[in-house]
Amino acid sequence: MPSRVGKKPIPIPSGVTVTRDGRAVRVKGPKGELAFTMGHGVEVAVEPKEVVVTQVGGGKQALAMHGTTRAIIANMVSGVTAGFSKSLEITGTGYRAQLAGRKLTLQLGYSHPIEYEAPAGINITVESPTKLSVSGSNKELVGQVAANIRGYRPPEPYKGKGIKYAGEYIRRKAGKAAGGKSA
C-alpha cells in the first residue's frame, strides 16, 4: 500500500530546476542548490512541471522511504525558493548574543564566552542581544544548527533561563517550598 504523502506530486515552481543523476536528485533555485541521494525502494520521475515519487517493489523499507523521499524533495524545492528559518530567544540576566562576521559569540552565564561558527549555507542574524534567527535553504541543517545553539544552555524549568525556540512553552516547576522546621 503506497504512502498517502508519497502519492502527491511535487509541483516545480518557475525558476527551479530538478535533475536526476543516477540515485542523486539535485534541486537548483534562486536561494542555492541542494542534493539528495535516494534510498532503495523508491523511484523519482522528473516531469516538466512536477516531480513524482513512486514505490518500487514491496517491503517495509520501500513503504517507509516512499513518503520520506517525497517530503525531503518537497522541502528541497521550497528551500531553494523561500528558504527556512528558526528563531531563538535568550532569557537570563547577562545572557546575550553577538555576531562578528560568521562567528556567533554567546554569553550564557559560564565563565567563558561560547563561540559558534556558522556552517556554509546558514545565515545567523542577531536582531537584538536576546533574539537571534537561523536561516538557510536546507531545512535539516537549519534545524540542526538551531538545536546546537539551543543545546549550549537549554531552558531550565525553575526560572526559565536559557535559550529557547520562539514560541516554545517551558513547563515551569515550583521552587523550594517555604516552610517551618518540623521538630
# chains A, B, ... in the order shown; residues from 1 in each chain; ligands from 1
>>> residues_around(residues="A:Tyr116", least_positions_apart="3", cutoff="8 Å", atoms="only C-alpha atoms", output="PDB file with N, CA, C and O atoms, in the first residue's frame")
ATOM      1  N   LYS A 103      30.890  34.411  12.951  1.00  0.00           N
ATOM      2  CA  LYS A 103      31.097  33.812  14.270  1.00  0.00           C
ATOM      3  C   LYS A 103      30.114  34.394  15.279  1.00  0.00           C
ATOM      4  O   LYS A 103      30.046  35.600  15.485  1.00  0.00           O
ATOM      5  N   LEU A 104      29.330  33.516  15.906  1.00  0.00           N
ATOM      6  CA  LEU A 104      28.365  33.898  16.926  1.00  0.00           C
ATOM      7  C   LEU A 104      29.015  33.718  18.286  1.00  0.00           C
ATOM      8  O   LEU A 104      29.571  32.655  18.586  1.00  0.00           O
ATOM      9  N   THR A 105      28.988  34.776  19.116  1.00  0.00           N
ATOM     10  CA  THR A 105      29.541  34.712  20.466  1.00  0.00           C
ATOM     11  C   THR A 105      28.389  34.800  21.454  1.00  0.00           C
ATOM     12  O   THR A 105      27.601  35.742  21.413  1.00  0.00           O
ATOM     13  N   ILE A 149      22.780  25.424  18.880  1.00  0.00           N
ATOM     14  CA  ILE A 149      22.871  26.674  19.641  1.00  0.00           C
ATOM     15  C   ILE A 149      22.031  26.563  20.915  1.00  0.00           C
ATOM     16  O   ILE A 149      22.472  26.949  21.995  1.00  0.00           O
TER      17      ILE A 149
END
>>> closest_atom_pairs(of="stretch 52-157 of chain A", to="stretch 15-24 of chain A", cutoff="10 Å", atoms="only C-alpha atoms", output="tab-separated table")
residue	atom	partner	partner_atom	distance
A:Ile73	CA	A:Val18	CA	9.4
A:Met76	CA	A:Val18	CA	9.8
A:Val77	CA	A:Val16	CA	7.5
A:Ser78	CA	A:Val16	CA	9.6
A:Val80	CA	A:Val16	CA	7.7
A:Thr81	CA	A:Val16	CA	7.5
>>> closest_residue(among="A:Val44, A:Leu106, A:Ala82, A:Ala74", to="A:Gly29", atoms="only C-alpha atoms")
A:Ala82
>>> closest_residue(among="A:Gly6, A:Tyr169, A:Thr68, A:Gln98", to="A:Thr125", atoms="only C-alpha atoms")
A:Gln98
>>> closest_residue(among="A:Gly151, A:Thr37, A:Val142, A:Ile10", to="A:Lys49", atoms="only C-alpha atoms")
A:Ile10
>>> select_by_dssp(residues="stretch 6-177 of chain A", states="strand (DSSP E or B)", output="PyMOL selection string")
chain A and resi 10-11+17-21+24-29+32-37+42-46+50-55+84-91+96-100+103-107+114-117+122-128+131-136+162-165
>>> residues_around(residues="A:Gly162", least_positions_apart="5", cutoff="7 Å", atoms="only C-alpha atoms", output="ChimeraX atom specification")
/A:90-92,153-156
>>> atom_distance(atom1="atom CA of A:His66", atom2="atom CA of A:Pro48")
21.0 Å
>>> residues_around(residues="A:Ala146", least_positions_apart="4", cutoff="10 Å", atoms="only C-alpha atoms", output="PDB file with C-alpha atoms, in the first residue's frame")
ATOM      1  CA  SER A  85      14.130  29.980   9.349  1.00  0.00           C
ATOM      2  CA  LYS A  86      14.163  29.241  13.091  1.00  0.00           C
ATOM      3  CA  SER A  87      14.043  31.967  15.732  1.00  0.00           C
ATOM      4  CA  LEU A  88      15.676  31.621  19.141  1.00  0.00           C
ATOM      5  CA  ILE A 124      22.672  33.709  11.565  1.00  0.00           C
ATOM      6  CA  LEU A 132      18.575  35.534  17.010  1.00  0.00           C
ATOM      7  CA  SER A 133      17.477  33.854  13.822  1.00  0.00           C
ATOM      8  CA  VAL A 134      18.966  30.923  11.904  1.00  0.00           C
ATOM      9  CA  SER A 135      18.055  30.744   8.201  1.00  0.00           C
ATOM     10  CA  LEU A 141      20.718  21.911   8.531  1.00  0.00           C
ATOM     11  CA  VAL A 142      18.736  24.950   9.783  1.00  0.00           C
ATOM     12  CA  ARG A 150      19.950  25.841  21.967  1.00  0.00           C
ATOM     13  CA  GLY A 151      21.995  22.954  23.388  1.00  0.00           C
ATOM     14  CA  ILE A 163      17.979  29.541  25.007  1.00  0.00           C
ATOM     15  CA  LYS A 164      14.574  28.508  23.685  1.00  0.00           C
ATOM     16  CA  TYR A 165      12.820  28.452  20.330  1.00  0.00           C
TER      17      TYR A 165
END
>>> closest_residue(among="A:Ser14, A:Gln61, A:Thr54, A:Thr93", to="A:Pro129", atoms="only C-alpha atoms")
A:Thr93
>>> select_by_dssp(residues="stretch 70-123 of chain A", states="helix (DSSP H, G or I)", output="number ranges by chain")
A: 70-81
>>> write_last_selection(atoms="N, CA and C atoms", output="mmCIF file, in the first residue's frame")
data_model
loop_
_atom_site.group_PDB
_atom_site.id
_atom_site.type_symbol
_atom_site.label_atom_id
_atom_site.label_comp_id
_atom_site.auth_asym_id
_atom_site.auth_seq_id
_atom_site.Cartn_x
_atom_site.Cartn_y
_atom_site.Cartn_z
ATOM 1 N N ARG A 70 9.568 11.740 -0.734
ATOM 2 C CA ARG A 70 8.727 12.798 -1.287
ATOM 3 C C ARG A 70 8.807 14.051 -0.412
ATOM 4 N N ALA A 71 8.779 13.881 0.919
ATOM 5 C CA ALA A 71 8.835 15.019 1.831
ATOM 6 C C ALA A 71 10.182 15.733 1.746
ATOM 7 N N ILE A 72 11.266 14.981 1.621
ATOM 8 C CA ILE A 72 12.602 15.576 1.526
ATOM 9 C C ILE A 72 12.731 16.383 0.242
ATOM 10 N N ILE A 73 12.267 15.845 -0.874
ATOM 11 C CA ILE A 73 12.353 16.565 -2.147
ATOM 12 C C ILE A 73 11.459 17.812 -2.116
ATOM 13 N N ALA A 74 10.271 17.699 -1.525
ATOM 14 C CA ALA A 74 9.388 18.868 -1.405
ATOM 15 C C ALA A 74 10.036 19.954 -0.548
ATOM 16 N N ASN A 75 10.719 19.568 0.524
ATOM 17 C CA ASN A 75 11.432 20.537 1.363
ATOM 18 C C ASN A 75 12.594 21.165 0.613
ATOM 19 N N MET A 76 13.254 20.399 -0.244
ATOM 20 C CA MET A 76 14.345 20.958 -1.046
ATOM 21 C C MET A 76 13.803 22.014 -2.011
ATOM 22 N N VAL A 77 12.664 21.718 -2.653
ATOM 23 C CA VAL A 77 12.072 22.666 -3.605
ATOM 24 C C VAL A 77 11.657 23.946 -2.883
ATOM 25 N N SER A 78 10.994 23.832 -1.726
ATOM 26 C CA SER A 78 10.589 25.043 -1.015
ATOM 27 C C SER A 78 11.793 25.744 -0.384
ATOM 28 N N GLY A 79 12.845 25.016 -0.069
ATOM 29 C CA GLY A 79 14.052 25.622 0.493
ATOM 30 C C GLY A 79 14.800 26.499 -0.493
ATOM 31 N N VAL A 80 14.882 26.071 -1.760
ATOM 32 C CA VAL A 80 15.603 26.876 -2.750
ATOM 33 C C VAL A 80 14.748 28.028 -3.275
ATOM 34 N N THR A 81 13.441 28.037 -2.978
ATOM 35 C CA THR A 81 12.603 29.159 -3.387
ATOM 36 C C THR A 81 12.390 30.142 -2.233
#
>>> atom_distance(atom1="atom CA of A:Lys8", atom2="atom CA of A:Pro30")
24.1 Å
>>> residues_around(residues="A:Ala64", least_positions_apart="5", cutoff="12 Å", atoms="only C-alpha atoms", output="ChimeraX atom specification")
/A:1-6,39-42,54-56,58-59,69-71
>>> closest_residue(among="A:Ala174, A:Met65, A:Ala120, A:Ile12", to="A:Val145", atoms="only C-alpha atoms")
A:Ala120
>>> closest_residue(among="A:Arg102, A:Gly94, A:Phe84, A:Arg172", to="A:Gly143", atoms="only C-alpha atoms")
A:Phe84
>>> atom_distance(atom1="atom CA of A:Ile114", atom2="atom CA of A:Ser137")
25.4 Å
